[in-house]
file query38.csv (CSV, C-alpha atoms and all ligand atoms)
chain,number,residue,atom,x,y,z
A,61,MET,CA,-14.4,-26.9,5.0
A,62,ARG,CA,-14.0,-23.1,4.6
A,63,GLY,CA,-11.8,-21.8,1.7
A,64,LYS,CA,-9.0,-19.3,2.1
A,65,LEU,CA,-8.7,-15.7,1.0
A,66,ILE,CA,-5.2,-14.8,-0.3
A,67,VAL,CA,-4.6,-11.2,-1.2
A,68,PHE,CA,-1.8,-9.7,-3.3
A,69,GLU,CA,-1.0,-6.0,-2.4
A,70,GLY,CA,1.5,-3.4,-3.4
A,71,VAL,CA,2.1,-0.1,-5.2
A,72,GLU,CA,1.6,0.0,-9.0
A,73,GLY,CA,4.2,-2.0,-10.9
A,74,SER,CA,5.1,-4.1,-7.9
A,75,GLY,CA,4.2,-7.2,-9.9
A,76,LYS,CA,1.1,-8.2,-8.0
A,77,THR,CA,-0.9,-9.1,-11.1
A,78,THR,CA,2.0,-11.0,-12.7
A,79,GLN,CA,2.6,-13.0,-9.5
A,80,LEU,CA,-1.1,-13.7,-8.9
A,81,ALA,CA,-1.3,-15.3,-12.3
A,82,ARG,CA,1.9,-17.3,-11.7
A,83,SER,CA,0.6,-18.5,-8.3
A,84,ARG,CA,-2.7,-19.6,-9.9
A,85,ASP,CA,-0.9,-21.5,-12.6
A,86,TRP,CA,1.5,-23.1,-10.1
A,87,LEU,CA,-1.3,-24.1,-7.7
A,88,LEU,CA,-3.4,-25.6,-10.5
A,89,GLY,CA,-0.4,-27.2,-12.3
A,90,GLY,CA,0.8,-29.4,-9.5
A,91,GLY,CA,1.6,-27.1,-6.6
A,92,MET,CA,-1.6,-28.0,-4.8
A,93,ARG,CA,-1.0,-31.7,-5.3
A,94,SER,CA,2.4,-31.3,-3.6
A,95,CYS,CA,0.8,-29.4,-0.6
A,96,LEU,CA,-2.5,-31.2,-0.4
A,97,GLY,CA,-2.2,-34.7,-1.7
A,98,THR,CA,-5.5,-36.2,-2.4
A,99,LEU,CA,-7.4,-33.2,-1.0
A,100,ARG,CA,-6.3,-31.4,-4.2
A,101,ASP,CA,-9.2,-32.9,-6.1
A,102,GLN,CA,-11.7,-31.3,-3.7
A,103,ILE,CA,-10.2,-27.8,-3.7
A,104,SER,CA,-10.4,-25.3,-6.5
A,105,VAL,CA,-8.7,-21.9,-7.1
A,106,VAL,CA,-10.3,-18.7,-8.4
A,107,VAL,CA,-8.8,-15.3,-9.1
A,108,THR,CA,-10.5,-12.0,-8.6
A,109,ARG,CA,-9.7,-8.3,-8.0
A,110,GLU,CA,-10.7,-5.0,-6.5
A,111,PRO,CA,-12.1,-2.9,-7.9
A,112,GLY,CA,-14.0,-4.9,-10.5
A,113,GLY,CA,-14.6,-8.4,-9.1
A,114,THR,CA,-18.4,-8.2,-9.9
A,115,ALA,CA,-20.5,-6.7,-12.6
A,116,LEU,CA,-21.3,-3.7,-10.4
A,117,GLY,CA,-17.6,-3.5,-9.5
A,118,LEU,CA,-16.6,-3.4,-13.2
A,119,GLY,CA,-18.8,-0.3,-13.7
A,120,LEU,CA,-17.3,1.3,-10.6
A,121,ARG,CA,-13.8,0.4,-11.8
A,122,LYS,CA,-14.5,2.1,-15.1
A,123,LEU,CA,-15.6,5.2,-13.2
A,124,LEU,CA,-12.7,5.2,-10.9
A,125,LEU,CA,-9.8,4.4,-13.2
A,126,GLU,CA,-10.6,5.2,-16.8
A,127,ASP,CA,-11.0,8.6,-18.4
A,128,GLY,CA,-13.5,6.9,-20.6
A,129,ARG,CA,-13.9,9.7,-23.1
A,130,ARG,CA,-13.9,9.1,-26.8
A,131,GLN,CA,-12.4,11.7,-29.1
A,132,ASP,CA,-15.8,12.6,-30.5
A,133,ASP,CA,-17.4,12.9,-27.1
A,134,VAL,CA,-19.1,16.3,-26.8
A,135,THR,CA,-20.5,16.0,-23.3
A,136,PRO,CA,-18.9,18.4,-20.8
A,137,THR,CA,-15.7,17.1,-19.1
A,138,PRO,CA,-16.8,15.6,-15.7
A,139,ALA,CA,-15.4,17.1,-12.6
A,140,PRO,CA,-12.7,15.1,-10.9
A,141,ILE,CA,-13.9,12.5,-8.4
A,142,GLN,CA,-13.6,14.0,-4.9
A,143,ASP,CA,-11.5,12.0,-2.3
A,144,ARG,CA,-14.5,11.0,-0.1
A,145,ALA,CA,-16.5,10.0,-3.1
A,146,GLU,CA,-13.6,7.9,-4.3
A,147,LEU,CA,-13.4,6.3,-0.9
A,148,LEU,CA,-17.1,5.4,-0.9
A,149,LEU,CA,-16.9,4.0,-4.4
A,150,TYR,CA,-14.1,1.6,-3.4
A,151,ALA,CA,-16.2,0.6,-0.4
A,152,ALA,CA,-19.3,0.0,-2.5
A,153,ASP,CA,-17.2,-2.2,-4.8
A,154,ARG,CA,-15.9,-4.2,-1.8
A,155,ALA,CA,-19.3,-4.6,-0.1
A,156,GLN,CA,-20.7,-6.1,-3.4
A,157,HIS,CA,-17.6,-8.2,-3.9
A,158,VAL,CA,-17.7,-9.7,-0.4
A,159,GLU,CA,-21.4,-10.6,-0.5
A,160,GLU,CA,-21.7,-11.7,-4.2
A,161,PHE,CA,-18.4,-13.4,-4.7
A,162,LEU,CA,-16.0,-13.8,-1.7
A,163,LYS,CA,-18.3,-15.2,0.9
A,164,PRO,CA,-20.0,-17.8,-1.3
A,165,MET,CA,-16.7,-18.9,-2.7
A,166,LEU,CA,-15.2,-19.3,0.8
A,167,ALA,CA,-18.3,-21.2,1.9
A,168,LYS,CA,-17.7,-23.7,-1.0
A,169,GLY,CA,-14.1,-24.2,0.2
A,170,VAL,CA,-12.4,-22.4,-2.7
A,171,ILE,CA,-9.0,-20.8,-2.5
A,172,ILE,CA,-9.3,-17.2,-3.7
A,173,LEU,CA,-6.4,-15.2,-5.1
A,174,CYS,CA,-7.5,-11.6,-4.9
A,175,ASP,CA,-5.7,-8.6,-6.5
A,176,ARG,CA,-6.0,-5.9,-3.8
A,177,TYR,CA,-8.3,-5.7,-0.8
A,178,THR,CA,-8.8,-3.5,2.3
A,179,ASP,CA,-5.1,-2.6,2.8
A,180,SER,CA,-5.2,-0.8,-0.6
A,181,THR,CA,-7.8,1.5,0.8
A,182,VAL,CA,-5.8,2.3,3.9
A,183,ALA,CA,-2.6,2.9,1.8
A,184,TYR,CA,-4.2,4.8,-1.1
A,185,GLN,CA,-7.1,6.7,0.4
A,186,GLY,CA,-5.6,6.9,4.0
A,187,TYR,CA,-1.9,7.5,3.5
A,188,GLY,CA,-2.0,8.7,-0.1
A,189,ARG,CA,-5.0,11.0,0.0
A,190,GLY,CA,-4.8,11.8,3.7
A,191,LEU,CA,-8.3,10.7,4.6
A,192,ASP,CA,-9.0,9.8,8.3
A,193,LEU,CA,-7.6,6.4,9.0
A,194,ASN,CA,-10.2,5.6,11.7
A,195,LEU,CA,-12.9,6.4,9.3
A,196,ILE,CA,-11.4,4.1,6.7
A,197,GLN,CA,-11.1,1.3,9.2
A,198,GLN,CA,-14.8,1.7,10.1
A,199,LEU,CA,-15.7,1.8,6.4
A,200,ASN,CA,-13.6,-1.3,5.7
A,201,GLN,CA,-15.4,-3.1,8.5
A,202,ILE,CA,-18.8,-2.2,7.1
A,203,ALA,CA,-17.8,-3.1,3.5
A,204,THR,CA,-16.3,-6.5,4.5
A,205,ASP,CA,-18.7,-7.4,7.2
A,206,GLY,CA,-15.5,-8.4,9.1
A,207,LEU,CA,-14.1,-10.6,6.4
A,208,GLU,CA,-10.3,-10.5,6.6
A,209,SER,CA,-7.7,-12.1,4.4
A,210,ASP,CA,-6.2,-15.3,5.6
A,211,LEU,CA,-2.9,-14.2,4.1
A,212,THR,CA,-1.8,-11.0,2.4
A,213,LEU,CA,1.3,-11.1,0.2
A,214,TRP,CA,2.7,-7.5,0.1
A,215,LEU,CA,5.0,-7.0,-2.9
A,216,ASP,CA,7.4,-4.4,-1.6
A,217,ILE,CA,9.1,-2.2,-4.1
A,218,ASP,CA,10.1,1.4,-4.0
A,219,ALA,CA,7.5,3.7,-5.5
A,220,LYS,CA,9.8,5.0,-8.3
A,221,THR,CA,10.8,1.6,-9.6
A,222,GLY,CA,7.2,0.4,-9.5
A,223,LEU,CA,5.9,3.5,-11.4
A,224,LYS,CA,8.7,3.0,-14.0
A,225,ARG,CA,7.6,-0.6,-14.6
A,226,ALA,CA,3.9,0.4,-14.8
A,227,GLN,CA,4.7,3.2,-17.3
A,228,GLN,CA,6.8,0.9,-19.5
A,229,ARG,CA,3.8,-1.4,-19.7
A,230,GLY,CA,1.5,1.1,-21.3
A,231,ALA,CA,-0.9,4.1,-20.9
A,232,ALA,CA,-1.1,5.7,-17.5
A,233,ASP,CA,-4.5,5.6,-15.8
A,234,ARG,CA,-5.9,8.2,-13.3
A,235,MET,CA,-3.8,7.0,-10.4
A,236,GLU,CA,-0.5,6.7,-12.3
A,237,GLN,CA,-0.7,10.4,-13.2
A,238,ALA,CA,-0.5,11.4,-9.6
A,239,ASP,CA,2.9,12.6,-8.4
A,240,LEU,CA,5.7,10.4,-7.0
A,241,ASP,CA,5.1,11.8,-3.4
A,242,PHE,CA,1.6,10.3,-3.5
A,243,HIS,CA,3.0,6.9,-4.3
A,244,ARG,CA,5.7,7.2,-1.7
A,245,ARG,CA,3.0,7.9,0.9
A,246,VAL,CA,1.1,4.9,-0.3
A,247,GLN,CA,4.3,2.8,0.1
A,248,GLN,CA,4.6,4.1,3.7
A,249,GLY,CA,1.0,3.0,4.3
A,250,PHE,CA,1.8,-0.6,3.2
A,251,THR,CA,5.0,-0.5,5.3
A,252,HIS,CA,3.0,0.6,8.4
A,253,LEU,CA,0.3,-2.0,7.8
A,254,ALA,CA,2.9,-4.8,7.5
A,255,SER,CA,4.5,-3.9,10.8
A,256,THR,CA,1.1,-3.6,12.5
A,257,TYR,CA,-0.3,-7.0,11.2
A,258,PRO,CA,2.7,-9.3,11.0
A,259,GLN,CA,0.5,-12.5,11.3
A,260,ARG,CA,-1.6,-11.6,8.3
A,261,ILE,CA,0.8,-9.7,6.0
A,262,VAL,CA,4.0,-11.2,4.6
A,263,ARG,CA,6.5,-8.8,3.0
A,264,ILE,CA,8.1,-10.0,-0.2
A,265,ASP,CA,11.1,-8.2,-1.8
A,266,ALA,CA,9.6,-7.4,-5.2
A,267,SER,CA,12.7,-5.8,-6.6
A,268,LYS,CA,14.0,-9.2,-7.6
A,269,THR,CA,13.4,-10.9,-10.9
A,270,GLU,CA,9.9,-12.3,-11.7
A,271,GLU,CA,11.2,-15.8,-11.3
A,272,GLU,CA,12.9,-15.1,-7.9
A,273,VAL,CA,9.8,-13.5,-6.5
A,274,HIS,CA,7.7,-16.4,-7.7
A,275,LEU,CA,9.9,-18.9,-5.9
A,276,VAL,CA,9.6,-17.0,-2.7
A,277,ILE,CA,5.8,-16.9,-3.0
A,278,GLN,CA,5.7,-20.6,-3.8
A,279,LYS,CA,7.6,-21.3,-0.6
A,280,ILE,CA,5.2,-19.2,1.5
A,281,LEU,CA,2.1,-20.7,-0.2
A,282,ARG,CA,3.4,-24.3,0.4
A,283,GLN,CA,4.0,-23.6,4.0
A,284,ARG,CA,0.6,-22.0,4.6
A,285,MET,CA,-1.3,-24.6,2.7
A,286,ASN,CA,0.4,-27.3,4.8
A,287,GLU,CA,-0.7,-25.4,8.0
A,288,TRP,CA,-4.2,-24.9,6.8
A,289,PHE,CA,-5.0,-28.2,5.3
A,290,GLN,CA,-2.6,-30.7,6.9
A,291,LYS,CA,-5.1,-32.2,9.3
A,292,LEU,CA,-7.7,-32.6,6.6
A,293,SER,CA,-5.4,-34.4,4.2
A,294,ARG,CA,-4.4,-37.1,6.8
A,295,PRO,CA,-6.0,-40.4,6.0
B,301,LIG,N1,-7.2,1.4,-5.4
B,301,LIG,C1,-7.4,2.3,-4.4
B,301,LIG,O1,-7.0,3.5,-4.5
B,301,LIG,N2,-8.1,1.9,-3.3
B,301,LIG,C2,-8.6,0.7,-3.1
B,301,LIG,O2,-9.2,0.4,-2.1
B,301,LIG,C3,-8.4,-0.3,-4.2
B,301,LIG,C4,-7.7,0.1,-5.3
B,301,LIG,C5,-8.9,-1.7,-4.0
B,301,LIG,C6,-6.3,-0.3,-9.5
B,301,LIG,O3,-5.5,-1.3,-9.1
B,301,LIG,C7,-6.1,1.0,-8.8
B,301,LIG,O4,-7.0,1.1,-7.7
B,301,LIG,C8,-4.7,1.2,-8.1
B,301,LIG,C9,-5.0,1.4,-6.6
B,301,LIG,C10,-6.5,1.8,-6.6
B,301,LIG,N3,-4.1,2.4,-8.6
B,301,LIG,N4,-3.8,2.6,-9.7
B,301,LIG,N5,-3.5,2.8,-10.8
B,301,LIG,P1,-4.9,-2.4,-10.1
B,301,LIG,O5,-4.3,-3.4,-9.2
B,301,LIG,O6,-5.9,-2.8,-11.0
B,301,LIG,O7,-3.8,-1.6,-11.0
B,301,LIG,P2,-2.4,-1.3,-10.5
B,301,LIG,O8,-2.1,-1.1,-9.1
B,301,LIG,O9,-2.1,-0.1,-11.3
B,301,LIG,O10,-1.6,-2.6,-10.9
B,301,LIG,P3,-0.6,-2.7,-12.0
B,301,LIG,O11,-0.1,-1.5,-12.6
B,301,LIG,O12,-1.3,-3.7,-12.9
B,301,LIG,O13,0.7,-3.2,-11.3
B,301,LIG,P4,1.0,-4.6,-10.7
B,301,LIG,O14,-0.1,-5.5,-10.7
B,301,LIG,O15,1.7,-4.4,-9.4
B,301,LIG,O16,2.2,-5.1,-11.7
B,301,LIG,P5,2.1,-6.0,-13.0
B,301,LIG,O17,1.0,-5.6,-13.9
B,301,LIG,O18,2.2,-7.4,-12.6
B,301,LIG,O19,3.5,-5.6,-13.6
B,301,LIG,C11,3.8,-4.3,-14.1
B,301,LIG,C12,4.9,-4.4,-15.1
B,301,LIG,O20,6.1,-4.8,-14.5
B,301,LIG,C13,4.6,-5.5,-16.2
B,301,LIG,O21,5.1,-5.0,-17.5
B,301,LIG,C14,5.4,-6.7,-15.8
B,301,LIG,O22,5.8,-7.5,-16.8
B,301,LIG,C15,6.6,-6.0,-15.1
B,301,LIG,N6,7.1,-6.8,-14.0
B,301,LIG,C16,6.4,-7.6,-13.1
B,301,LIG,N7,7.3,-8.2,-12.2
B,301,LIG,C17,8.5,-7.8,-12.6
B,301,LIG,C18,9.8,-8.0,-12.0
B,301,LIG,N8,10.0,-8.8,-10.9
B,301,LIG,N9,10.8,-7.4,-12.6
B,301,LIG,C19,10.7,-6.6,-13.6
B,301,LIG,N10,9.5,-6.3,-14.2
B,301,LIG,C20,8.4,-6.9,-13.7
call {"tool": "encode", "arguments": {"input": "query38.csv", "output": "C-alpha cells"}}
result
Amino acid sequence: MRGKLIVFEGVEGSGKTTQLARSRDWLLGGGMRSCLGTLRDQISVVVTREPGGTALGLGLRKLLLEDGRRQDDVTPTPAPIQDRAELLLYAADRAQHVEEFLKPMLAKGVIILCDRYTDSTVAYQGYGRGLDLNLIQQLNQIATDGLESDLTLWLDIDAKTGLKRAQQRGAADRMEQADLDFHRRVQQGFTHLASTYPQRIVRIDASKTEEEVHLVIQKILRQRMNEWFQKLSRP
C-alpha cells in the first residue's frame, strides 16, 4: 500500500507549523485508530518540511533563510541571493527531498505531514518575486519528478495578521523583512492555486483560534483517511 503526502501551506504566521504538530499528535494519539481501525498498527506518520527535510536541505535552508553572521565575522558581507538563484536553491532542496525522503516513505506506506511543498514556490517565487509561472511549473515538475501531494491544507489568513503573529514569535528572518506588499502577492498566489486545484487544495480559515482550526483539520483528515483506507480496513 502506498502512503499519503499531506502538505500544510500558507503565508508566514498562518499557523502551519502549529497545526502540523497538532495533527501529528492527534493521528498518533488515537485519531488514526478512529479512522483506520486495525490498519492503524500498520501505518506510521512522519513529519518533514521544505526547505530542510534532508541533510543537504538543511544546508540550503541555512543559506536561504539565515543571515548566519556572527558578530566577530570579518568576512565580507555576501551579496543578496538573486531571485533566480533562490528559485533554483528551493528546487534543489525539493529534488533531494523527493528522492531521499518522500518517495521511499510513500513506498513504505507512511503518512507524511510536510510543512510547505510546490505551492510555496508558485506563491513566493512566482507571485511574490514575479518570476515566470510557466518556468516555475516546469521546475517543480523536474524537482518532484511528478510527485504531487494527496492533500494540501491551505491555512488562509490575511498577510498582515500572519506577519504580526510571526513577528510576535521572535526574530525576523530574511523573508519576514520583505514588505507587506510582497506577502500580499504571496497570499494572492495561494488564493489562485486553491481555485485552480480544488480537488487537491482545501482552504481552511486560519484566523480562528488554534483549537478551532485544529478541529476543522481533524474533520478533513478523518474524511480523507476514510476515503483512502476504507477498502483496506474492511475485514
Ligand atoms: N519558501 C519559499 O520562498 N519557496 C519555497 O518553495 C519554499 C519555502 C518551500 C521558510 O518557511 C520560508 O521559505 C518561508 C517561505 C520560503 N518564508 N519565510 N520566512 P517556514 O515554513 O519554515 O517558515 P515560515 O513560513 O516563516 O513559517 P512560520 O513563521 O513558522 O509560520 P507558520 O508555520 O505558519 O506559523 P506557526 O509557527 O505555527 O505560528 C506562528 C505564531 O502564531 C506562533 O507564535 C503560534 O503560536 C501563533 N499561532 C498559531 N496559530 C494561531 C492561531 N490560530 N491564533 C493565534 N496565534 C496562532
call {"tool": "closest_residue", "arguments": {"input": "query38.csv", "among": "A:Val107, A:Val158, A:Val273, A:Ile264", "to": "ligand LIG 301 (chain B)", "atoms": "only C-alpha atoms and all ligand atoms"}}
result
A:Val273
call {"tool": "residues_around", "arguments": {"input": "query38.csv", "residues": "stretch 91-103 of chain A", "least_positions_apart": "5", "cutoff": "10 Å", "atoms": "only C-alpha atoms", "output": "list in words"}}
result
Met61, Gly63, Ser83, Arg84, Asp85, Trp86, Lys168, Gly169, Val170, Ile171, Gln278, Leu281, Arg282, Gln283, Arg284, Met285, Asn286, Glu287, Trp288, Phe289, Gln290, Leu292, Ser293, Arg294 and Pro295 of chain A
call {"tool": "closest_residue", "arguments": {"input": "query38.csv", "among": "A:Ser267, A:Phe68, A:Leu147, A:Leu166", "to": "A:Arg225", "atoms": "only C-alpha atoms"}}
result
A:Ser267
call {"tool": "residues_around", "arguments": {"input": "query38.csv", "residues": "stretch 114-122 of chain A", "least_positions_apart": "3", "cutoff": "9 Å", "atoms": "all atoms listed in the file", "output": "list in words"}}
result
Thr108, Arg109, Glu110, Pro111, Leu125, Glu126, Asp127, Gly128, Leu149, Tyr150, Ala152, Asp153, Arg154, Gln156, His157, Glu160 and Phe161 of chain A
call {"tool": "closest_atom_pairs", "arguments": {"input": "query38.csv", "of": "chain A", "to": "ligand LIG 301 (chain B)", "cutoff": "6 Å", "atoms": "only C-alpha atoms and all ligand atoms", "output": "CSV"}}
result
residue,atom,partner,partner_atom,distance
A:Val71,CA,B:LIG301,O8,5.8
A:Glu72,CA,B:LIG301,O8,3.9
A:Gly73,CA,B:LIG301,O13,3.7
A:Ser74,CA,B:LIG301,O15,3.7
A:Gly75,CA,B:LIG301,O18,3.4
A:Lys76,CA,B:LIG301,O14,4.0
A:Thr77,CA,B:LIG301,O14,3.7
A:Thr78,CA,B:LIG301,O18,3.6
A:Glu110,CA,B:LIG301,C5,4.5
A:Pro111,CA,B:LIG301,C5,5.2
A:Tyr150,CA,B:LIG301,O2,5.2
A:Arg176,CA,B:LIG301,C5,5.1
A:Tyr177,CA,B:LIG301,C5,5.2
A:Thr178,CA,B:LIG301,O2,5.9
A:Ser180,CA,B:LIG301,O2,4.4
A:Thr181,CA,B:LIG301,O2,3.4
A:Tyr184,CA,B:LIG301,O1,4.6
A:Gln185,CA,B:LIG301,O1,5.9
A:Arg225,CA,B:LIG301,O20,4.5
A:Ala226,CA,B:LIG301,C11,4.8
A:Arg229,CA,B:LIG301,O21,4.4
A:Asp233,CA,B:LIG301,N5,5.8
A:Met235,CA,B:LIG301,N5,4.2
A:Glu236,CA,B:LIG301,N5,5.1
A:Ala266,CA,B:LIG301,N8,5.9
A:Ser267,CA,B:LIG301,N8,5.9
A:Lys268,CA,B:LIG301,N8,5.2
A:Thr269,CA,B:LIG301,N8,4.0
A:Glu270,CA,B:LIG301,N8,3.6
call {"tool": "closest_residue", "arguments": {"input": "query38.csv", "among": "A:Arg260, A:His252, A:His243, A:Lys163", "to": "A:Asp205", "atoms": "only C-alpha atoms"}}
result
A:Lys163
call {"tool": "atom_distance", "arguments": {"input": "query38.csv", "atom1": "atom CA of A:Asn194", "atom2": "atom CA of A:Ile261"}}
result
19.7 Å
call {"tool": "closest_residue", "arguments": {"input": "query38.csv", "among": "A:Leu213, A:Leu199, A:Ile66, A:Leu253", "to": "A:Ala155", "atoms": "only C-alpha atoms"}}
result
A:Leu199
call {"tool": "closest_residue", "arguments": {"input": "query38.csv", "among": "A:Val182, A:Gly70, A:Pro164, A:Gln197", "to": "A:Ile217", "atoms": "all atoms listed in the file"}}
result
A:Gly70
call {"tool": "atom_distance", "arguments": {"input": "query38.csv", "atom1": "atom CA of A:Leu195", "atom2": "atom CA of A:Met165"}}
result
28.3 Å
call {"tool": "atom_distance", "arguments": {"input": "query38.csv", "atom1": "atom CA of A:Val262", "atom2": "atom CA of A:Arg244"}}
result
19.5 Å
call {"tool": "closest_residue", "arguments": {"input": "query38.csv", "among": "A:His274, A:Leu240, A:Asp175, A:Ser104", "to": "A:Gly222", "atoms": "all atoms listed in the file"}}
result
A:Leu240
call {"tool": "axis_aligned_box", "arguments": {"input": "query38.csv", "around": "stretch 282-289 of chain A", "padding_each_side": "5 Å", "output": "AutoDock Vina command-line options"}}
result
--center_x -0.5 --center_y -25.1 --center_z 4.2 --size_x 19.0 --size_y 16.2 --size_z 17.6
call {"tool": "build_atoms", "arguments": {"input": "query38.csv", "residues": "stretch 256-267 of chain A", "atoms": "N, CA, C and O atoms", "output": "short mmCIF file (atom, residue, chain, number, x, y, z; two decimals), keeping the file's coordinate frame"}}
result
data_model
loop_
_atom_site.label_atom_id
_atom_site.label_comp_id
_atom_site.auth_asym_id
_atom_site.auth_seq_id
_atom_site.Cartn_x
_atom_site.Cartn_y
_atom_site.Cartn_z
N THR A 256 2.17 -3.56 11.53
CA THR A 256 1.10 -3.60 12.50
C THR A 256 0.40 -5.04 12.48
O THR A 256 -0.09 -5.50 13.50
N TYR A 257 0.37 -5.67 11.32
CA TYR A 257 -0.30 -7.00 11.20
C TYR A 257 0.63 -8.06 10.69
O TYR A 257 0.41 -8.63 9.61
N PRO A 258 1.69 -8.37 11.47
CA PRO A 258 2.70 -9.30 11.00
C PRO A 258 2.14 -10.74 10.77
O PRO A 258 2.69 -11.51 9.98
N GLN A 259 1.06 -11.10 11.47
CA GLN A 259 0.50 -12.50 11.30
C GLN A 259 -0.19 -12.61 9.95
O GLN A 259 -0.18 -13.68 9.35
N ARG A 260 -0.79 -11.52 9.52
CA ARG A 260 -1.60 -11.60 8.30
C ARG A 260 -0.81 -11.19 7.04
O ARG A 260 -1.01 -11.75 5.97
N ILE A 261 0.10 -10.20 7.20
CA ILE A 261 0.80 -9.70 6.00
C ILE A 261 2.24 -10.14 5.97
O ILE A 261 2.99 -9.97 6.93
N VAL A 262 2.60 -10.72 4.83
CA VAL A 262 4.00 -11.20 4.60
C VAL A 262 4.64 -10.27 3.60
O VAL A 262 4.12 -10.09 2.50
N ARG A 263 5.79 -9.71 3.96
CA ARG A 263 6.50 -8.80 3.00
C ARG A 263 7.36 -9.65 2.08
O ARG A 263 8.06 -10.58 2.49
N ILE A 264 7.30 -9.27 0.81
CA ILE A 264 8.10 -10.00 -0.20
C ILE A 264 8.94 -8.92 -0.94
O ILE A 264 8.38 -7.89 -1.38
N ASP A 265 10.22 -9.17 -1.10
CA ASP A 265 11.10 -8.20 -1.80
C ASP A 265 10.75 -8.33 -3.32
O ASP A 265 11.15 -9.29 -3.98
N ALA A 266 10.04 -7.32 -3.83
CA ALA A 266 9.60 -7.40 -5.20
C ALA A 266 10.54 -6.76 -6.20
O ALA A 266 10.23 -6.64 -7.39
N SER A 267 11.73 -6.38 -5.71
CA SER A 267 12.70 -5.80 -6.60
C SER A 267 13.49 -6.87 -7.37
O SER A 267 14.21 -6.61 -8.32
#
